[in-house]
file query.txt (compact mmCIF, C-alpha atoms)
# COMPACT_ATOMS: atom_id res chain seq x y z
CA MET A 1 123.80 2.03 -107.80
CA ARG A 2 126.34 2.61 -110.56
CA ARG A 3 128.84 -0.15 -111.36
CA ALA A 4 132.46 0.34 -110.35
CA SER A 5 135.53 -0.84 -112.22
CA LEU A 6 138.05 -2.66 -110.04
CA PRO A 7 141.12 -0.63 -111.11
CA ARG A 8 139.32 2.68 -110.47
CA LEU A 9 138.11 1.42 -107.08
CA GLY A 10 141.66 0.34 -106.19
CA GLY A 11 142.98 3.72 -107.30
CA ILE A 12 140.61 5.55 -104.95
CA PHE A 13 141.63 3.43 -101.94
CA LEU A 14 145.29 3.83 -102.87
CA ARG A 15 145.00 7.62 -103.03
CA VAL A 16 142.71 8.24 -100.05
CA GLY A 17 144.25 5.57 -97.81
CA ASN A 18 147.84 6.69 -98.27
CA LEU A 19 147.57 10.44 -98.63
CA THR A 20 145.09 11.28 -95.87
CA PHE A 21 146.77 12.22 -92.60
CA GLY A 22 144.92 12.31 -89.28
CA GLY A 23 143.86 8.70 -88.79
CA GLY A 24 140.74 6.71 -89.54
CA ASP A 25 137.93 9.26 -89.35
CA PRO A 26 139.29 11.71 -91.96
CA THR A 27 139.99 8.73 -94.26
CA MET A 28 136.47 7.36 -93.85
CA ALA A 29 134.99 10.83 -94.43
CA ALA A 30 137.04 11.22 -97.62
CA LEU A 31 135.82 7.80 -98.79
CA TYR A 32 132.20 8.89 -98.19
CA ALA A 33 132.75 11.79 -100.56
CA GLU A 34 134.38 9.54 -103.17
CA LEU A 35 132.17 6.44 -102.99
CA VAL A 36 128.76 7.82 -102.02
CA THR A 37 128.54 11.47 -103.08
CA THR A 38 130.74 11.72 -106.16
CA ARG A 39 130.48 8.29 -107.79
CA GLY A 40 127.27 6.81 -106.38
CA TRP A 41 128.83 3.34 -106.00
CA LEU A 42 127.54 2.89 -102.45
CA ALA A 43 124.24 3.83 -100.76
CA ALA A 44 124.52 6.17 -97.77
CA GLU A 45 122.67 3.59 -95.64
CA THR A 46 125.18 0.86 -96.55
CA TYR A 47 128.03 3.26 -95.74
CA GLY A 48 126.46 3.77 -92.29
CA LEU A 49 126.14 0.03 -91.67
CA VAL A 50 129.76 -0.63 -92.70
CA TYR A 51 130.94 2.30 -90.55
CA ALA A 52 129.14 0.84 -87.51
CA LEU A 53 130.38 -2.70 -88.09
CA ALA A 54 133.96 -1.50 -88.66
CA ARG A 55 133.89 -0.20 -85.09
CA ILE A 56 133.24 -3.69 -83.75
CA THR A 57 135.63 -5.54 -86.07
CA PRO A 58 138.94 -6.51 -84.42
CA GLY A 59 142.11 -4.80 -85.63
CA THR A 60 142.41 -1.41 -87.28
CA ASN A 61 138.92 0.06 -87.83
CA VAL A 62 139.77 1.93 -91.02
CA LEU A 63 141.06 -1.25 -92.70
CA ALA A 64 137.85 -3.08 -91.79
CA PHE A 65 135.92 -0.12 -93.17
CA CYS A 66 137.85 -0.25 -96.46
CA ALA A 67 137.36 -4.03 -96.73
CA GLY A 68 133.65 -3.69 -95.99
CA THR A 69 132.87 -0.86 -98.41
CA ALA A 70 134.94 -2.43 -101.20
CA TRP A 71 133.26 -5.82 -100.61
CA GLU A 72 129.84 -4.19 -100.92
CA ILE A 73 130.91 -2.57 -104.20
CA ALA A 74 133.01 -5.29 -105.86
CA GLY A 75 132.92 -8.48 -103.74
CA TRP A 76 136.01 -10.29 -102.46
CA PRO A 77 138.35 -9.01 -105.22
CA GLY A 78 137.38 -5.47 -104.21
CA ALA A 79 137.94 -6.16 -100.49
CA LEU A 80 141.37 -7.71 -101.14
CA MET A 81 142.38 -4.86 -103.42
CA ALA A 82 141.23 -2.19 -100.96
CA VAL A 83 143.13 -3.63 -97.98
CA ALA A 84 146.26 -4.16 -100.10
CA ALA A 85 146.03 -0.64 -101.57
CA VAL A 86 145.77 0.96 -98.13
CA THR A 87 148.32 -1.26 -96.36
CA LEU A 88 151.15 -2.12 -98.73
CA PRO A 89 152.57 1.29 -99.78
CA ALA A 90 152.47 2.50 -96.18
CA ALA A 91 154.09 -0.76 -95.02
CA VAL A 92 156.98 -0.35 -97.48
CA LEU A 93 157.42 3.23 -96.27
CA ALA A 94 157.43 1.98 -92.67
CA VAL A 95 160.25 -0.47 -93.45
CA LEU A 96 162.25 2.25 -95.22
CA LEU A 97 161.83 4.54 -92.20
CA THR A 98 162.92 1.68 -89.92
CA LEU A 99 166.01 1.19 -92.09
CA GLY A 100 166.67 4.93 -91.84
CA PHE A 101 166.51 4.81 -88.05
CA GLU A 102 168.89 1.85 -88.02
CA ALA A 103 171.32 3.41 -90.52
CA TRP A 104 171.65 6.67 -88.57
CA LYS A 105 172.44 4.85 -85.33
CA SER A 106 176.19 5.39 -85.64
CA ASN A 107 175.95 9.19 -86.04
CA HIS A 108 176.07 11.06 -82.72
CA LEU A 109 173.84 13.95 -83.76
CA ALA A 110 171.40 11.72 -85.63
CA MET A 111 171.17 9.52 -82.54
CA ALA A 112 170.29 12.58 -80.46
CA ALA A 113 167.49 13.40 -82.89
CA ILE A 114 166.32 9.76 -82.85
CA ALA A 115 166.39 9.75 -79.04
CA GLY A 116 164.07 12.77 -79.18
CA VAL A 117 161.70 10.90 -81.51
CA ILE A 118 161.79 7.82 -79.28
CA ALA A 119 160.91 9.96 -76.25
CA ALA A 120 158.03 11.42 -78.29
CA ALA A 121 156.86 7.85 -78.99
CA VAL A 122 156.24 7.40 -75.26
CA GLY A 123 153.96 10.45 -75.38
CA MET A 124 152.25 8.97 -78.46
CA VAL A 125 151.45 5.71 -76.68
CA ALA A 126 150.15 7.62 -73.65
CA ALA A 127 148.06 9.83 -75.96
CA GLY A 128 146.76 6.69 -77.67
CA ALA A 129 145.63 5.35 -74.30
CA TRP A 130 143.92 8.65 -73.49
CA GLN A 131 142.20 8.76 -76.89
CA LEU A 132 140.79 5.27 -76.28
CA LEU A 133 139.51 6.22 -72.83
CA ALA A 134 138.32 9.82 -73.26
CA PRO A 135 135.12 9.13 -75.27
CA HIS A 136 133.88 6.95 -72.40
CA LEU A 137 134.37 9.54 -69.66
CA ALA A 138 131.03 11.36 -70.03
CA ARG A 139 129.64 12.01 -66.55
CA GLU A 140 127.21 9.10 -66.24
CA ARG A 141 129.64 6.64 -67.88
CA ALA A 142 132.85 7.75 -66.19
CA LEU A 143 132.65 5.46 -63.15
CA ARG A 144 132.29 2.31 -65.27
CA ALA A 145 135.10 3.41 -67.61
CA CYS A 146 137.46 4.24 -64.72
CA ILE A 147 136.77 0.93 -62.95
CA ILE A 148 137.45 -1.07 -66.13
CA ALA A 149 140.58 0.92 -67.11
CA ILE A 150 142.11 0.93 -63.62
CA GLY A 151 141.09 -2.69 -63.14
CA ALA A 152 142.86 -3.66 -66.37
CA PHE A 153 145.99 -1.76 -65.32
CA VAL A 154 146.06 -3.41 -61.88
CA ALA A 155 145.32 -6.86 -63.31
CA SER A 156 148.31 -6.54 -65.63
CA PHE A 157 150.75 -4.49 -63.53
CA SER A 158 150.11 -5.96 -60.07
CA LEU A 159 148.55 -9.36 -60.68
CA GLY A 160 150.67 -10.20 -63.73
CA LEU A 161 147.75 -11.38 -65.89
CA SER A 162 148.49 -11.50 -69.62
CA PRO A 163 146.84 -8.84 -71.85
CA VAL A 164 144.64 -11.48 -73.52
CA GLN A 165 143.35 -12.66 -70.12
CA VAL A 166 142.63 -9.07 -69.10
CA LEU A 167 140.83 -8.29 -72.38
CA ALA A 168 138.75 -11.49 -72.16
CA GLY A 169 137.72 -10.55 -68.62
CA ALA A 170 136.81 -7.05 -69.77
CA ALA A 171 134.67 -8.43 -72.62
CA LEU A 172 132.79 -10.65 -70.18
CA LEU A 173 132.29 -7.79 -67.74
CA GLY A 174 131.19 -5.44 -70.52
CA ALA A 175 128.63 -7.91 -71.85
CA PHE A 176 126.84 -7.95 -68.51
CA TRP A 177 127.53 -4.41 -67.27
CA GLN A 178 126.35 -1.98 -69.88
CA ALA A 179 127.00 1.75 -69.69
CA PRO A 180 123.94 3.92 -69.00
CA ASN A 181 122.49 5.55 -72.12
CA LYS A 182 123.75 9.02 -72.99
CA MET B 183 162.12 -16.55 -86.01
CA ASN B 184 159.82 -18.34 -88.43
CA PRO B 185 157.80 -15.56 -90.17
CA PHE B 186 154.62 -17.66 -90.03
CA LEU B 187 154.89 -18.01 -86.25
CA LEU B 188 155.59 -14.27 -86.04
CA TYR B 189 152.48 -13.66 -88.16
CA LEU B 190 150.41 -15.76 -85.75
CA LEU B 191 151.77 -13.89 -82.71
CA LEU B 192 151.07 -10.49 -84.29
CA LEU B 193 147.68 -11.70 -85.49
CA LYS B 194 146.81 -12.65 -81.92
CA ALA B 195 147.56 -9.04 -80.98
CA THR B 196 145.44 -7.52 -83.76
CA LEU B 197 142.54 -9.93 -83.23
CA THR B 198 142.31 -8.96 -79.56
CA SER B 199 142.29 -5.20 -80.15
CA PHE B 200 139.80 -2.76 -81.62
CA SER B 201 142.08 0.06 -82.73
CA GLY B 202 145.53 0.32 -84.27
CA MET B 203 147.64 1.01 -81.19
CA ALA B 204 145.58 -1.07 -78.75
CA SER B 205 147.46 -4.19 -79.86
CA LEU B 206 150.67 -2.84 -78.29
CA PRO B 207 150.28 -4.45 -74.82
CA VAL B 208 149.91 -7.93 -76.36
CA VAL B 209 152.84 -7.33 -78.73
CA ARG B 210 155.03 -6.15 -75.86
CA HIS B 211 154.00 -9.09 -73.67
CA ASP B 212 154.75 -11.68 -76.38
CA LEU B 213 157.80 -10.22 -78.14
CA VAL B 214 159.56 -8.17 -75.45
CA GLU B 215 158.73 -9.88 -72.14
CA THR B 216 158.15 -13.52 -73.04
CA ARG B 217 160.31 -14.20 -76.10
CA ARG B 218 162.79 -11.30 -75.89
CA LEU B 219 162.84 -10.91 -79.67
CA VAL B 220 162.74 -7.10 -79.60
CA SER B 221 163.82 -4.56 -77.01
CA ASP B 222 161.77 -1.72 -75.54
CA ARG B 223 164.00 0.64 -77.54
CA GLN B 224 163.05 -1.14 -80.78
CA LEU B 225 159.38 -1.12 -79.82
CA ASN B 226 159.58 2.63 -79.15
CA THR B 227 161.28 3.10 -82.52
CA ALA B 228 158.55 1.04 -84.21
CA VAL B 229 155.85 3.22 -82.62
CA ALA B 230 157.58 6.36 -83.89
CA VAL B 231 157.96 4.86 -87.38
CA GLY B 232 154.33 3.77 -87.44
CA ARG B 233 153.14 7.24 -86.54
CA ALA B 234 155.49 8.98 -88.98
CA ALA B 235 154.13 7.15 -92.02
CA PRO B 236 150.75 8.07 -93.52
CA GLY B 237 148.23 5.25 -93.75
CA PRO B 238 146.39 3.14 -91.19
CA ASN B 239 147.13 3.15 -87.47
CA GLY B 240 148.94 0.02 -86.39
CA LEU B 241 151.74 0.30 -88.97
CA TYR B 242 154.19 -0.10 -86.10
CA LEU B 243 153.56 -3.86 -86.49
CA VAL B 244 155.40 -3.75 -89.82
CA SER B 245 158.42 -2.18 -88.17
CA VAL B 246 158.26 -4.67 -85.28
CA GLY B 247 158.12 -7.50 -87.82
CA TYR B 248 161.15 -6.07 -89.58
CA PHE B 249 163.12 -5.91 -86.32
CA VAL B 250 162.33 -9.58 -85.61
CA ALA B 251 162.84 -11.16 -89.04
CA GLY B 252 163.81 -8.60 -91.70
CA TRP B 253 161.67 -8.25 -94.84
CA PRO B 254 159.78 -11.55 -94.27
CA GLY B 255 158.99 -10.28 -90.78
CA ALA B 256 157.74 -6.98 -92.21
CA ALA B 257 155.50 -8.97 -94.56
CA ALA B 258 154.21 -10.95 -91.57
CA GLY B 259 153.47 -7.66 -89.78
CA SER B 260 151.62 -6.28 -92.82
CA LEU B 261 149.52 -9.43 -93.13
CA ALA B 262 148.72 -9.44 -89.41
CA LEU B 263 147.65 -5.81 -89.72
CA GLY B 264 145.36 -6.47 -92.68
CA THR B 265 143.92 -9.92 -91.91
CA PRO B 266 141.33 -8.99 -89.23
CA ALA B 267 139.80 -6.42 -91.60
CA PHE B 268 138.19 -9.22 -93.61
CA LEU B 269 136.13 -10.29 -90.61
CA ILE B 270 133.82 -7.39 -91.47
CA VAL B 271 132.72 -9.31 -94.56
CA LEU B 272 131.48 -12.13 -92.33
CA LEU B 273 129.71 -9.59 -90.13
CA LEU B 274 128.06 -7.97 -93.17
CA ARG B 275 127.10 -11.25 -94.79
CA TYR B 276 125.86 -13.29 -91.85
CA LEU B 277 124.93 -10.88 -89.08
CA GLY B 278 124.27 -7.46 -90.64
CA ARG B 279 122.53 -5.16 -88.18
CA ARG B 280 122.20 -7.94 -85.57
CA ALA B 281 125.97 -7.62 -84.90
CA ASN B 282 125.28 -4.14 -83.66
CA ARG B 283 123.36 -5.31 -80.57
CA PRO B 284 123.84 -3.38 -77.32
CA ARG B 285 125.41 -6.32 -75.46
CA VAL B 286 128.00 -6.85 -78.22
CA ARG B 287 128.76 -3.14 -78.41
CA SER B 288 129.07 -2.95 -74.62
CA ALA B 289 131.54 -5.87 -74.53
CA ILE B 290 133.67 -4.25 -77.26
CA GLN B 291 133.52 -0.90 -75.48
CA ALA B 292 134.81 -2.58 -72.30
CA VAL B 293 137.66 -4.24 -74.25
CA THR B 294 138.61 -0.84 -75.70
CA ILE B 295 138.61 0.78 -72.25
CA ALA B 296 140.64 -2.09 -70.80
CA ALA B 297 143.12 -1.68 -73.66
CA ALA B 298 143.66 1.91 -72.49
CA GLY B 299 144.59 0.61 -69.01
CA LEU B 300 146.93 -1.96 -70.54
CA MET B 301 148.58 0.70 -72.68
CA VAL B 302 149.35 2.73 -69.56
CA ASP B 303 150.99 -0.41 -68.15
CA ALA B 304 152.99 -0.78 -71.38
CA VAL B 305 154.10 2.87 -71.25
CA VAL B 306 156.01 2.34 -67.99
CA PRO B 307 158.86 0.18 -69.38
CA LEU B 308 158.92 2.15 -72.65
CA ALA B 309 159.39 5.35 -70.63
CA ARG B 310 162.10 3.70 -68.52
CA ASP B 311 164.02 3.03 -71.74
CA ALA B 312 163.41 6.39 -73.42
CA PHE B 313 163.77 8.80 -70.49
CA THR B 314 167.48 9.49 -70.45
CA GLY B 315 167.13 12.99 -68.98
CA TRP B 316 164.86 15.99 -68.52
CA VAL B 317 164.89 16.82 -72.23
CA ALA B 318 163.41 13.41 -73.06
CA ILE B 319 160.75 13.79 -70.35
CA GLY B 320 159.88 17.24 -71.71
CA ILE B 321 159.61 15.89 -75.27
CA ALA B 322 157.36 13.02 -74.19
CA SER B 323 155.13 15.38 -72.18
CA GLY B 324 154.94 17.83 -75.07
CA SER B 325 154.10 15.01 -77.47
CA PHE B 326 151.31 13.79 -75.19
CA LEU B 327 149.83 17.28 -74.77
CA PHE B 328 150.08 18.14 -78.47
CA LEU B 329 148.35 14.94 -79.55
CA THR B 330 145.57 15.14 -76.96
CA LEU B 331 144.87 18.88 -77.26
CA THR B 332 145.15 19.38 -81.04
CA LYS B 333 144.00 17.55 -84.15
CA ARG B 334 147.24 18.13 -86.04
CA ALA B 335 149.17 15.32 -87.74
CA THR B 336 151.70 13.30 -85.74
CA ILE B 337 154.42 14.09 -88.26
CA TRP B 338 154.78 17.56 -86.65
CA VAL B 339 155.45 15.96 -83.26
CA ILE B 340 158.10 13.72 -84.78
CA LEU B 341 159.85 16.59 -86.58
CA ALA B 342 159.75 18.79 -83.47
CA ALA B 343 161.03 15.95 -81.25
CA ALA B 344 163.92 15.22 -83.63
CA LEU B 345 164.82 18.93 -83.73
CA ALA B 346 164.64 19.22 -79.93
CA GLY B 347 166.88 16.18 -79.48
CA PHE B 348 169.33 17.52 -82.06
CA VAL B 349 169.50 20.99 -80.50
CA ALA B 350 169.87 19.52 -76.99
CA ALA B 351 172.90 17.54 -78.18
CA LEU B 352 174.50 20.68 -79.63
CA VAL B 353 173.98 22.80 -76.51

call {"tool": "encode", "arguments": {"input": "query.txt", "output": "structure tokens"}}
result
Amino acid sequence: MRRASLPRLGGIFLRVGNLTFGGGDPTMAALYAELVTTRGWLAAETYGLVYALARITPGTNVLAFCAGTAWEIAGWPGALMAVAAVTLPAAVLAVLLTLGFEAWKSNHLAMAAIAGVIAAAVGMVAAGAWQLLAPHLARERALRACIIAIGAFVASFSLGLSPVQVLAGAALLGAFWQAPNK
Amino acid sequence: MNPFLLYLLLLKATLTSFSGMASLPVVRHDLVETRRLVSDRQLNTAVAVGRAAPGPNGLYLVSVGYFVAGWPGAAAGSLALGTPAFLIVLLLRYLGRRANRPRVRSAIQAVTIAAAGLMVDAVVPLARDAFTGWVAIGIASGSFLFLTLTKRATIWVILAAALAGFVAALV
């Protein structure tokens, strides 16, 4: 493997992490091209291992993926730099957008536009729920997925269990009730 | 609120989720229902902000942090978003391929599916706040369909929703 310089590594995560729209998968694909194909800083097999482990790391998968690949290439300094490069510029932009929403509150027409965006946010959360569930609805896996999803909804909505309690119960159930192989 | 305590509350949400938005039910439970530090309207706004910005999913935590405690709160949100990512180093160093065992994967899969059910539960009060008329219901439905049926960026949904709200106010 070729050696990577920390500033160049940080620059790649800064560019790919903040300019790639479409979520985690396009970002991780772009990083494959940069880190494996173009620069040869990471073996394809290591990329695959990090990709798999990022899926089972709590939090945002793409951040775990960035931390993991950068750690493999440049140790802890690389991991810290990668997560900061991907998170901080977007976080500053998020605060500026929040300030914009707050500042426009007093304008009638701006408020109408913001109300439209807030209504769209409801659709985004619902779409997020669907995108979490849909990959698990293949025919032979659908029953298990529906029981867990509906069970979680009922446990929270009707029984008043906290989300952490529901998620802990789901983890326990999932450990002992595995989905049939595809 | 003390930004460190806010960080711990948001970290609890990110540590118990396996994708950016799946932390939302825990955030809503802790900050809207239990502590009443943010409203459903602010949480909705944070979701919209998080989806409007490029970068990782889960950025809404930064906006939520800002609503609770200003810039220090936003920093707490950013740290809570990034902190769990470093757990992958422990997985790589100490477990490697053993962490990828079927039982572990199955448990995580079940947590992800349960998070979907919890998100539906969280949508109910958010919708109650946002649905001020048929236009809002139409926008939310359109947003849901666009995001589930196409692979296009969320920014288009946000621009279209803002335009629809603006035009509806003029008519």

call {"tool": "atom_distance", "arguments": {"input": "query.txt", "atom1": "CA of Ala312 in chain B", "atom2": "CA of Phe157 in chain A"}}
result
19.4 Å

call {"tool": "closest_residue", "arguments": {"input": "query.txt", "among": "A:Arg8, A:Arg3, A:Arg139, A:Lys105", "to": "chain B", "atoms": "only C-alpha atoms"}}
result
A:Lys105

call {"tool": "closest_residue", "arguments": {"input": "query.txt", "among": "B:Thr198, B:Asn184, B:Leu213, B:Pro238", "to": "Ala168 in chain A", "atoms": "all atoms listed in the file"}}
result
B:Thr198

call {"tool": "closest_residue", "arguments": {"input": "query.txt", "among": "B:Arg334, B:Arg233, B:Arg285, B:Arg310", "to": "Leu173 in chain A", "atoms": "all atoms listed in the file"}}
result
B:Arg285

call {"tool": "atom_distance", "arguments": {"input": "query.txt", "atom1": "CA of Ser221 in chain B", "atom2": "CA of Leu191 in chain B"}}
result
16.3 Å

call {"tool": "atom_distance", "arguments": {"input": "query.txt", "atom1": "CA of Pro89 in chain A", "atom2": "CA of Cys66 in chain A"}}
result
15.2 Å

call {"tool": "residues_around", "arguments": {"input": "query.txt", "residues": "range 145-149 of chain A", "least_positions_apart": "5", "cutoff": "6 Å", "atoms": "all atoms listed in the file", "output": "list in words"}}
result
Ile295, Ala296 and Gly299 of chain B
